[in-house]
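S.K.: Below you will find the structure I want to go over with you.
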Amino acid sequence: MKLMVIGGGGREHAIIKALKKNPAVEEIFALPGNGGIAADATCVPIGAKDIPAIVEFAKENAIDFAVVAPDDPLVLGCVDALNAVGVACFGPTADAAIIEGSKAFSKDLMHKYGIPTARYETFTDLDAALSYLDTQSAPIVVKASGLALGKGVIIAETIDEAKQAAREMMAEGKFGESGKCVVIEEYLTGPEVSVLAFTDGKAMVPMVSSMDHKRALDGDRGLNTGGMGTVAPNPYYTKEVADRCMEEIFLPTMRAMNSENRTFRGCLYFGLMITPDGPKVIEYNCRFGDPETQVVLPLLKTDLLTIMQAVSAGTLSEVDVEFYDGCACCVVLASEGYPASYEKGYPITLPETAPDTEIYIAGAKRDGDTLLTSGGRVLGAVARAEDLPAAIEKAYALADQIQFDNKYLRKDIGQRALRALS
Ligand code: AMP
Ligand code: GLY
């Protein structure tokens, strides 16, 4: 089989390495991939949002199956366009990807179908948003409705700060069209849990849970990033919480999308907060998380391609999806300065990976035989072990052996999870 994976980050590298394990796979193309992915797939310089070029490439190369990983192409209808020329895909069509593409849509969906989430109001008129804020108390959360590279959420400590955020989004064009519509919502408290789930609209199969570390600095301080590290499973996701999530959130979401004629087929990401009133949805994503995927897929026992094809064919209930016991940890190695400005172009030295470890490259390009840093998040050092302390220790030992100038990493990935376990 010839496969094509759209995207070019650490998540895509993890997906490609998992797909390669299936002996029926002859070749994998990554569009655009990156310098590190090039060791595992044929990289093609076509951007993830260039849907006409992606479709053309799929036709010319007789691609049998495509995995569309990032949010942008999914929301833009990449799966629809590929399906239209007969290419089977893993990933939702645009009418279902809206669950991430529009927070106004997802909040209304949850409200309509009684799925627990923060109380909210949606605004397209700035004056109405400002008047509403006068009736609220802080802290309060202001979110750009559309896609904003994970940066469109402002946790305002004061009402003035919330008004400023609303003005910047709605009047001053911060986040462009994505910020013209804002959701203002209640501030929730509690530990956060990420759950990725396979679904074909009939079966709902949650994967092992995980915990992201979104802030740039140790102790969860500093700017929000795409994610500085992850551990799986998440100790806050107990059996009792998992059962409640299935009944109150996962299945109701799948059924709600079916009722709206927007059947979701792919990986549905539930960003959850375990509040004193029970689990609530903070956000939905229409795709695998990054860097959640880097700890979830190493724990997947069942063949990934088999699952993805079943999701696409609507036969997921026939596949027995199994995970290994044990834990995984991903430490992201970034360029110093990320997520603000940083330098790049430094050579990366990689060690041989030991059993139960992986290096997933996110931001690197190839210069002859040398790999050079080319992004904010450069790579993920991942380890699997019997328990969480061992997984964390192994991931940091691996991270220590990877060298490049300007290397920056958080020192405390997994410490919050360890505290929860003690
Ligand atoms: P999102 O991009 O929607 O995942 O939001 C980014 C981060 O903002 C989340 O991971 C939470 O830590 C935080 N957040 C979002 N919504 C809320 C809320 N209603 N209450 C408290 N924190 C929130
Ligand atoms: N790690 C969060 C995300 O992928 O959106």
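Naming scheme: A, B, ... for chains in displayed order of the structure tokens; residues 1 onward per chain; ligands 1 onward as shown.
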List the neighbours of Ser137 (chain A) out to 10 Å using only C-alpha atoms; skip same-chain residues closer than 6 positions along the sequence, and give me the result as a list in words.
M.R.: Glu157, Thr158, Ile159, Glu186 and Tyr187 of chain A
S.K.: Considering only C-alpha atoms and all ligand atoms, tabulate each residue of chain A that lies at most 6 Å from ligand 1 along with its nearest interatomic pair and the corresponding distance in Å to one decimal; arrange the rows by chain and ascending residue number and present them as a Markdown table.
M.R.:
| residue | atom | partner | partner_atom_place_in_ligand_line | distance |
| --- | --- | --- | --- | --- |
| A:Ala118 | CA | ligand 1 | 19 (N) | 5.5 |
| A:Val141 | CA | ligand 1 | 19 (N) | 5.7 |
| A:Gly150 | CA | ligand 1 | 2 (O) | 4.9 |
| A:Val153 | CA | ligand 1 | 5 (O) | 5.4 |
| A:Glu185 | CA | ligand 1 | 19 (N) | 5.6 |
| A:Glu186 | CA | ligand 1 | 19 (N) | 5.2 |
| A:Tyr187 | CA | ligand 1 | 20 (N) | 3.6 |
| A:Leu188 | CA | ligand 1 | 20 (N) | 3.7 |
| A:Thr189 | CA | ligand 1 | 21 (C) | 5.8 |
| A:Ile282 | CA | ligand 1 | 16 (N) | 5.2 |
| A:Glu283 | CA | ligand 1 | 3 (O) | 4.9 |
S.K.: May I have the selected residues written with N, CA, C and O atoms, as a tab-separated table (two decimals), in the first residue's frame?
M.R.:
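Writing the result to part24.tsv gives the following:
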chain	number	residue	atom	x	y	z
A	118	ALA	N	-18.23	24.82	30.33
A	118	ALA	CA	-18.34	26.10	31.04
A	118	ALA	C	-19.51	26.92	30.48
A	118	ALA	O	-19.75	26.91	29.27
A	141	VAL	N	-12.89	33.96	30.94
A	141	VAL	CA	-12.11	33.47	29.80
A	141	VAL	C	-12.67	34.02	28.49
A	141	VAL	O	-13.88	33.95	28.25
A	150	GLY	N	-3.67	27.77	18.74
A	150	GLY	CA	-3.64	27.51	20.18
A	150	GLY	C	-3.40	28.75	21.03
A	150	GLY	O	-3.21	28.66	22.23
A	153	VAL	N	-6.86	31.91	23.37
A	153	VAL	CA	-7.58	31.82	24.64
A	153	VAL	C	-6.92	32.74	25.66
A	153	VAL	O	-5.72	32.61	25.93
A	185	GLU	N	-16.45	32.90	28.45
A	185	GLU	CA	-16.96	31.81	29.28
A	185	GLU	C	-16.44	31.83	30.71
A	185	GLU	O	-15.42	32.44	31.03
A	186	GLU	N	-17.19	31.14	31.52
A	186	GLU	CA	-16.90	30.95	32.94
A	186	GLU	C	-15.52	30.32	33.11
A	186	GLU	O	-15.15	29.43	32.35
A	187	TYR	N	-14.81	30.77	34.13
A	187	TYR	CA	-13.50	30.21	34.46
A	187	TYR	C	-13.70	28.95	35.30
A	187	TYR	O	-14.35	29.00	36.35
A	188	LEU	N	-13.17	27.84	34.83
A	188	LEU	CA	-13.31	26.57	35.55
A	188	LEU	C	-12.00	26.22	36.24
A	188	LEU	O	-10.93	26.67	35.82
A	189	THR	N	-12.08	25.41	37.27
A	189	THR	CA	-10.85	24.97	37.95
A	189	THR	C	-10.85	23.44	38.04
A	189	THR	O	-11.90	22.81	38.03
A	282	ILE	N	-13.38	21.44	27.97
A	282	ILE	CA	-12.75	22.74	27.76
A	282	ILE	C	-12.70	23.03	26.26
A	282	ILE	O	-12.94	24.13	25.81
A	283	GLU	N	-12.35	22.02	25.50
A	283	GLU	CA	-12.31	22.20	24.04
A	283	GLU	C	-12.35	20.84	23.36
A	283	GLU	O	-11.99	19.82	23.93
S.K.: Nearest residue to Pro116 (chain A) out of A:Val281, A:Leu421, A:Leu305, A:Leu272, using only C-alpha atoms?
M.R.: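 The closest residue to Pro116 (chain A) is A:Val281.
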S.K.: From a DSSP pass on the backbone, collect the residues of region 214-346 of chain A flagged as alpha helix (DSSP H) and hand them back as a count of residues only.
M.R.: 30
S.K.: One number please: CA of Met228 (chain A) to CA of Lys365 (chain A), in Å, one decimal.
M.R.: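 One can read the CA of Met228 (chain A) to CA of Lys365 (chain A) distance as 20.3 Å.
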S.K.: Within 7 Å of ligand 2, which residues show up when you count only C-alpha atoms and all ligand atoms? List them as a list in words, please.
M.R.: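 Using only C-alpha atoms and all ligand atoms, I find these residues within 7 Å of ligand 2: Gly150, Asp212, Gly226, Gly227, Asn285, Phe288, Gly289, Asp290, Pro291 and Glu292 of chain A.
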S.K.: Export N, CA and C atoms of the chosen residues as a PDB file, in the first residue's frame?
M.R.:
ATOM      1  N   GLY A 150      -3.667  27.765  18.744  1.00  0.00           N
ATOM      2  CA  GLY A 150      -3.641  27.508  20.181  1.00  0.00           C
ATOM      3  C   GLY A 150      -3.405  28.750  21.027  1.00  0.00           C
ATOM      4  N   ASP A 212      -0.947  17.171  29.134  1.00  0.00           N
ATOM      5  CA  ASP A 212      -0.082  18.092  28.392  1.00  0.00           C
ATOM      6  C   ASP A 212       0.548  19.077  29.378  1.00  0.00           C
ATOM      7  N   GLY A 226       2.613  25.348  22.182  1.00  0.00           N
ATOM      8  CA  GLY A 226       1.900  24.215  21.591  1.00  0.00           C
ATOM      9  C   GLY A 226       1.929  22.986  22.480  1.00  0.00           C
ATOM     10  N   GLY A 227       2.780  22.983  23.503  1.00  0.00           N
ATOM     11  CA  GLY A 227       2.914  21.833  24.408  1.00  0.00           C
ATOM     12  C   GLY A 227       4.395  21.522  24.603  1.00  0.00           C
ATOM     13  N   ASN A 285     -10.869  19.017  19.795  1.00  0.00           N
ATOM     14  CA  ASN A 285     -10.051  19.155  18.598  1.00  0.00           C
ATOM     15  C   ASN A 285     -10.464  18.039  17.641  1.00  0.00           C
ATOM     16  N   PHE A 288      -5.586  14.335  16.183  1.00  0.00           N
ATOM     17  CA  PHE A 288      -4.644  13.938  17.227  1.00  0.00           C
ATOM     18  C   PHE A 288      -3.988  15.182  17.827  1.00  0.00           C
ATOM     19  N   GLY A 289      -3.709  15.162  19.125  1.00  0.00           N
ATOM     20  CA  GLY A 289      -3.006  16.273  19.771  1.00  0.00           C
ATOM     21  C   GLY A 289      -1.509  16.159  19.567  1.00  0.00           C
ATOM     22  N   ASP A 290      -0.839  17.272  19.690  1.00  0.00           N
ATOM     23  CA  ASP A 290       0.617  17.322  19.596  1.00  0.00           C
ATOM     24  C   ASP A 290       1.115  18.112  20.801  1.00  0.00           C
ATOM     25  N   PRO A 291       1.795  17.529  21.767  1.00  0.00           N
ATOM     26  CA  PRO A 291       2.510  16.254  21.790  1.00  0.00           C
ATOM     27  C   PRO A 291       1.804  15.098  22.505  1.00  0.00           C
ATOM     28  N   GLU A 292       0.474  15.069  22.549  1.00  0.00           N
ATOM     29  CA  GLU A 292      -0.208  13.916  23.159  1.00  0.00           C
ATOM     30  C   GLU A 292       0.049  12.629  22.364  1.00  0.00           C
TER      31      GLU A 292
END
S.K.: Region 211-308 of chain A: which residues are strand (DSSP E) by DSSP, as an MDAnalysis selection string?
M.R.: chainID A and resid 211:212 215:217 221:224 229:232 266:275 278:285
S.K.: So, with only C-alpha atoms as the atoms that count, which of A:Leu388, A:Leu297, A:Leu316, A:Ile51 lies closest to Arg416 (chain A)?
M.R.: A:Leu388
S.K.: Just checking: using only C-alpha atoms, which residue out of A:Phe105, A:Phe29, A:Phe57, A:Tyr236 ends up closest to Arg262 (chain A)?
M.R.: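 Smallest distance to Arg262 (chain A) is found for A:Phe105.
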S.K.: Could you give me, as a PyMOL selection string, the residues within 10 Å of Glu393 (chain A), counting only C-alpha atoms and dropping anything in the same chain fewer than 5 positions from it?
M.R.: chain A and resi 329+383+385+388+398-399+414
S.K.: Export N, CA, C and O atoms of the chosen residues as a PDB file, in the first residue's frame?
M.R.:
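And here's out.pdb as it stands now:
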ATOM      1  N   CYS A 329       6.399   9.030  28.577  1.00  0.00           N
ATOM      2  CA  CYS A 329       6.699  10.437  28.830  1.00  0.00           C
ATOM      3  C   CYS A 329       7.377  11.016  27.590  1.00  0.00           C
ATOM      4  O   CYS A 329       8.228  10.365  26.993  1.00  0.00           O
ATOM      5  N   ALA A 383       9.942   8.096  26.046  1.00  0.00           N
ATOM      6  CA  ALA A 383      10.278   6.787  26.605  1.00  0.00           C
ATOM      7  C   ALA A 383       9.038   6.125  27.168  1.00  0.00           C
ATOM      8  O   ALA A 383       8.115   6.797  27.640  1.00  0.00           O
ATOM      9  N   ALA A 385       7.843   2.933  29.862  1.00  0.00           N
ATOM     10  CA  ALA A 385       8.356   2.104  30.958  1.00  0.00           C
ATOM     11  C   ALA A 385       7.172   1.557  31.743  1.00  0.00           C
ATOM     12  O   ALA A 385       6.020   1.930  31.500  1.00  0.00           O
ATOM     13  N   LEU A 388       5.378   5.427  35.841  1.00  0.00           N
ATOM     14  CA  LEU A 388       5.633   6.808  35.428  1.00  0.00           C
ATOM     15  C   LEU A 388       7.017   7.307  35.841  1.00  0.00           C
ATOM     16  O   LEU A 388       7.713   7.921  35.005  1.00  0.00           O
ATOM     17  N   LEU A 398      17.336  10.343  27.778  1.00  0.00           N
ATOM     18  CA  LEU A 398      17.434  10.463  26.321  1.00  0.00           C
ATOM     19  C   LEU A 398      17.613  11.929  25.921  1.00  0.00           C
ATOM     20  O   LEU A 398      18.456  12.262  25.077  1.00  0.00           O
ATOM     21  N   ALA A 399      16.812  12.807  26.538  1.00  0.00           N
ATOM     22  CA  ALA A 399      16.890  14.243  26.217  1.00  0.00           C
ATOM     23  C   ALA A 399      18.299  14.778  26.460  1.00  0.00           C
ATOM     24  O   ALA A 399      18.802  15.612  25.700  1.00  0.00           O
ATOM     25  N   GLY A 414       5.864  15.834  33.953  1.00  0.00           N
ATOM     26  CA  GLY A 414       5.407  14.659  34.705  1.00  0.00           C
ATOM     27  C   GLY A 414       5.386  14.830  36.211  1.00  0.00           C
ATOM     28  O   GLY A 414       4.837  13.984  36.917  1.00  0.00           O
TER      29      GLY A 414
END
S.K.: Which residues are close to region 170-172 of chain A, i.e. within 9 Å by only C-alpha atoms, leaving aside same-chain residues fewer than 6 positions away? Reply as a PyMOL selection string.
M.R.: chain A and resi 124-126+144+179-182
S.K.: Would you pick out the contacts of Ala328 (chain A) at 12 Å or less, using only C-alpha atoms, so that residues sharing its chain but fewer than 5 positions from it are not included, and give the list as a ChimeraX atom specification?
M.R.: /A:208-211,229-234,291-300,323,356-358,380-396,413-414,417
S.K.: Within 12 Å of region 47-50 of chain A, which residues of region 54-154 of chain A come that close, and what is the closest atom pair and distance in Å for each? Count only C-alpha atoms and give it as a tab-separated table.
M.R.:
residue	atom	partner	partner_atom	distance
A:Ile54	CA	A:Asp50	CA	6.2
A:Val55	CA	A:Asp50	CA	8.8
A:Glu56	CA	A:Asp50	CA	10.2
A:Phe57	CA	A:Asp50	CA	10.8
A:Val67	CA	A:Ala48	CA	11.4
A:Val68	CA	A:Ala48	CA	8.6
A:Ala69	CA	A:Ala48	CA	9.1
A:Pro70	CA	A:Ala48	CA	7.7
A:Asp71	CA	A:Ala48	CA	9.7
A:Asp72	CA	A:Lys49	CA	6.6
A:Pro73	CA	A:Lys49	CA	5.2
A:Leu74	CA	A:Lys49	CA	9.0
A:Val75	CA	A:Lys49	CA	9.8
A:Leu76	CA	A:Lys49	CA	7.7
A:Gly77	CA	A:Lys49	CA	9.6
A:Cys78	CA	A:Lys49	CA	8.1
A:Val79	CA	A:Lys49	CA	11.7
A:Ala81	CA	A:Asp50	CA	11.3
